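Engineer: Below you will find the structure I want to go over with you.
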Amino acid sequence: ALSPELADADESVDYQAVQSQRLDALAQMAGHVAHEYNNLLTTILGFSGLMRQASHLSDDERDNLRHIDEAAHRAADLTHSLLAFARGGMVSFGTLDVNRIVEETISIAKPTLGHLLRVHLDAPRGTPSIDGDAGQLQQAILNILFNARDALNGDGDVYVTVRELAAEVQISIRDTGPGMDAETRRRAFEPFFTRKSPGSRAGLGLSTTYGIVKGHRGNIEVDSAPGSGTMVTMTFPLSETPKSTRDRTHDGDLALIATAADDATRTRATRLATALGLTPIFARDTAHAIELISSRPHRFATAIGSGDGADSTGIRAILETHPTLPLLLCTPTTA
């Protein structure tokens, strides 16, 4: 028989495995639903935008279109969060200076955190870079900072630490709040789970952060107990992008139109390329797209895709082959 200590440890390992599988299943379901909604919202916003350009609309008709746009953008915000949780939200990877991203994020957050919340930053010079999306990494850090603010009721201390550990960069954010009980800690990354009072806006902050970190090939952990505050730790692999590749630029006159999820999205992407003064080049599939860019990489100013379904997979493959190619997504979540 196992000792109580070993039995507890074994149970903890089993629970972590089950919880990880549960989160992965939730992510797959959330991603599927979000992708389907994203396609619908792309069509709604795309054609409402075209309708607004008509000269014969009355004031009431323009006001109706405005309400449609506002509702669609609110829905797009939700799908954006769900896609991030599902690790399916499109990102444009580049080489990131972690210290600079953390410093800028804290600066952005300060007006919202309040003057009574004290943020202490410990980020040694020379911390290596990581490969990632600056906007998404900032969002992940902001979500944790805002959770810390809520836990402290806007008055207390938050400690942000950046460290290099072997082949990883670690970002830790610790607050001096009341901490979490075991049940809250276990469910912290679940979409729409919250211990906040009814009516509070909550539910996708840490789940979005979870998806962002996983989408960056990183790991995230929560260490917390009642009365001991909470520490969220994110770890990311060091950058693998050669410097010579990072410095390349594109100044061409062509726009690659990747395989789109539907005809409406394809039409919208084509019109966008034309509006930018670029000549659209259509790809039959991902292999054809990579072949086109590889044959004349500096002629392409951008790649345009929907960021959903098969198109998402294709865009990711293109970016892996040509990581410095600018990307435009014909979706409401990137508007």
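Residues in the structure tokens are named by chain (A, B, ... in the order shown) and by number from 1 within that chain; ligands are numbered from 1 in the order shown.
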I'd like the neighbourhood of region 172-187 of chain A as a PyMOL selection string, where a residue qualifies if any of its atoms comes within 9 Å (using only C-alpha atoms), though same-chain residues fewer than 4 positions away should be ignored.

Structural biologist: chain A and resi 16+19+141+144-145+148-153+156-163+191+193-195+222-235

Engineer: Write out as a list in words all residues of region 117-147 of chain A that DSSP puts in helix (DSSP H, G or I) for this structure's backbone.

Structural biologist: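 Reading the DSSP output for region 117-147 of chain A, helix (DSSP H, G or I) covers Ala134, Gly135, Gln136, Leu137, Gln138, Gln139, Ala140, Ile141, Leu142, Asn143, Ile144, Leu145, Phe146 and Asn147 of chain A.
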
Engineer: Could you please take those selected residues and save all heavy atoms as a short mmCIF file (atom, residue, chain, number, x, y, z; two decimals), in the first residue's frame?

Structural biologist:
```
data_model
loop_
_atom_site.label_atom_id
_atom_site.label_comp_id
_atom_site.auth_asym_id
_atom_site.auth_seq_id
_atom_site.Cartn_x
_atom_site.Cartn_y
_atom_site.Cartn_z
N ALA A 134 3.30 39.90 -30.24
CA ALA A 134 3.40 40.91 -29.19
C ALA A 134 2.05 41.25 -28.59
O ALA A 134 1.90 41.35 -27.37
CB ALA A 134 4.06 42.17 -29.75
N GLY A 135 1.03 41.42 -29.44
CA GLY A 135 -0.29 41.77 -28.94
C GLY A 135 -0.88 40.70 -28.05
O GLY A 135 -1.48 41.00 -27.01
N GLN A 136 -0.73 39.44 -28.45
CA GLN A 136 -1.29 38.36 -27.64
C GLN A 136 -0.53 38.19 -26.34
O GLN A 136 -1.14 37.92 -25.29
CB GLN A 136 -1.29 37.05 -28.44
CG GLN A 136 -2.34 37.03 -29.52
CD GLN A 136 -2.86 35.62 -29.78
OE1 GLN A 136 -2.32 34.63 -29.30
NE2 GLN A 136 -3.92 35.54 -30.55
N LEU A 137 0.81 38.34 -26.38
CA LEU A 137 1.56 38.22 -25.14
C LEU A 137 1.18 39.35 -24.18
O LEU A 137 1.02 39.11 -22.97
CB LEU A 137 3.07 38.27 -25.43
CG LEU A 137 3.98 38.08 -24.21
CD1 LEU A 137 3.69 36.77 -23.50
CD2 LEU A 137 5.45 38.15 -24.64
N GLN A 138 0.99 40.54 -24.69
CA GLN A 138 0.53 41.64 -23.84
C GLN A 138 -0.84 41.33 -23.25
O GLN A 138 -1.09 41.61 -22.07
CB GLN A 138 0.47 42.94 -24.64
CG GLN A 138 1.82 43.61 -24.87
CD GLN A 138 1.68 45.02 -25.40
OE1 GLN A 138 0.66 45.38 -26.00
NE2 GLN A 138 2.70 45.83 -25.19
N GLN A 139 -1.74 40.77 -24.07
CA GLN A 139 -3.07 40.42 -23.57
C GLN A 139 -2.99 39.40 -22.44
O GLN A 139 -3.72 39.51 -21.45
CB GLN A 139 -3.92 39.88 -24.71
CG GLN A 139 -5.37 39.61 -24.33
CD GLN A 139 -6.09 40.87 -23.89
OE1 GLN A 139 -6.18 41.82 -24.65
NE2 GLN A 139 -6.60 40.89 -22.67
N ALA A 140 -2.11 38.41 -22.59
CA ALA A 140 -1.97 37.39 -21.54
C ALA A 140 -1.51 38.02 -20.23
O ALA A 140 -2.04 37.71 -19.16
CB ALA A 140 -0.97 36.33 -22.00
N ILE A 141 -0.53 38.93 -20.31
CA ILE A 141 -0.02 39.59 -19.11
C ILE A 141 -1.09 40.50 -18.50
O ILE A 141 -1.29 40.53 -17.27
CB ILE A 141 1.25 40.39 -19.44
CG1 ILE A 141 2.36 39.44 -19.92
CG2 ILE A 141 1.74 41.18 -18.23
CD1 ILE A 141 3.57 40.16 -20.49
N LEU A 142 -1.81 41.24 -19.36
CA LEU A 142 -2.87 42.13 -18.88
C LEU A 142 -3.94 41.36 -18.13
O LEU A 142 -4.42 41.79 -17.07
CB LEU A 142 -3.50 42.89 -20.05
CG LEU A 142 -2.71 44.06 -20.64
CD1 LEU A 142 -3.37 44.56 -21.90
CD2 LEU A 142 -2.58 45.19 -19.62
N ASN A 143 -4.34 40.21 -18.67
CA ASN A 143 -5.38 39.41 -18.01
C ASN A 143 -4.98 39.03 -16.59
O ASN A 143 -5.79 39.08 -15.66
CB ASN A 143 -5.66 38.15 -18.82
CG ASN A 143 -6.37 38.44 -20.13
OD1 ASN A 143 -6.93 39.52 -20.32
ND2 ASN A 143 -6.35 37.48 -21.04
N ILE A 144 -3.71 38.65 -16.41
CA ILE A 144 -3.24 38.26 -15.08
C ILE A 144 -3.17 39.48 -14.16
O ILE A 144 -3.56 39.41 -12.98
CB ILE A 144 -1.86 37.58 -15.18
CG1 ILE A 144 -1.95 36.33 -16.06
CG2 ILE A 144 -1.35 37.19 -13.79
CD1 ILE A 144 -0.60 35.71 -16.39
N LEU A 145 -2.71 40.60 -14.68
CA LEU A 145 -2.64 41.82 -13.87
C LEU A 145 -4.04 42.26 -13.43
O LEU A 145 -4.24 42.67 -12.28
CB LEU A 145 -1.97 42.95 -14.66
CG LEU A 145 -0.46 42.81 -14.91
CD1 LEU A 145 0.02 43.93 -15.82
CD2 LEU A 145 0.31 42.85 -13.57
N PHE A 146 -5.00 42.18 -14.33
CA PHE A 146 -6.36 42.59 -13.97
C PHE A 146 -6.97 41.63 -12.94
O PHE A 146 -7.73 42.05 -12.06
CB PHE A 146 -7.24 42.65 -15.22
CG PHE A 146 -6.87 43.77 -16.16
CD1 PHE A 146 -7.13 43.67 -17.52
CD2 PHE A 146 -6.24 44.91 -15.69
CE1 PHE A 146 -6.79 44.70 -18.38
CE2 PHE A 146 -5.89 45.95 -16.55
CZ PHE A 146 -6.17 45.84 -17.89
N ASN A 147 -6.64 40.34 -13.04
CA ASN A 147 -7.11 39.40 -12.02
C ASN A 147 -6.50 39.74 -10.66
O ASN A 147 -7.18 39.65 -9.62
CB ASN A 147 -6.72 37.97 -12.42
CG ASN A 147 -7.81 37.29 -13.24
OD1 ASN A 147 -8.63 37.96 -13.85
ND2 ASN A 147 -7.80 35.97 -13.27
#
```

Engineer: Running DSSP on the backbone, which parts of region 118-169 of chain A land in strand (DSSP E), as a list in words?

Structural biologist: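 Put together, the selection reads Arg118, Val119, His120, Leu121, Asp122, Ile130, Asp131, Gly132, Gly156, Asp157, Val158, Tyr159, Val160, Thr161, Val162, Arg163, Glu164, Leu165, Glu168 and Val169 of chain A.
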
Engineer: To one decimal in Å, tell me the separation between CA of Gly94 (chain A) and CA of Pro323 (chain A).

Structural biologist: 7.3 Å

Engineer: Measuring between only C-alpha atoms, which one of A:Ile304, A:Ile130, A:Leu117, A:Ala54 shows the shortest distance to Thr267 (chain A)?

Structural biologist: A:Ile304

Engineer: State, in Å with one decimal place, the distance from CA of Asp97 (chain A) to CA of Ile315 (chain A).

Structural biologist: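 Atom-to-atom, CA of Asp97 (chain A) and CA of Ile315 (chain A) are spaced 24.2 Å apart.
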
Engineer: How many Å lie between CA of Ile318 (chain A) and CA of Ile220 (chain A), rounded to one decimal?

Structural biologist: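 Spanning CA of Ile318 (chain A) to CA of Ile220 (chain A) is a straight-line distance of 27.5 Å.
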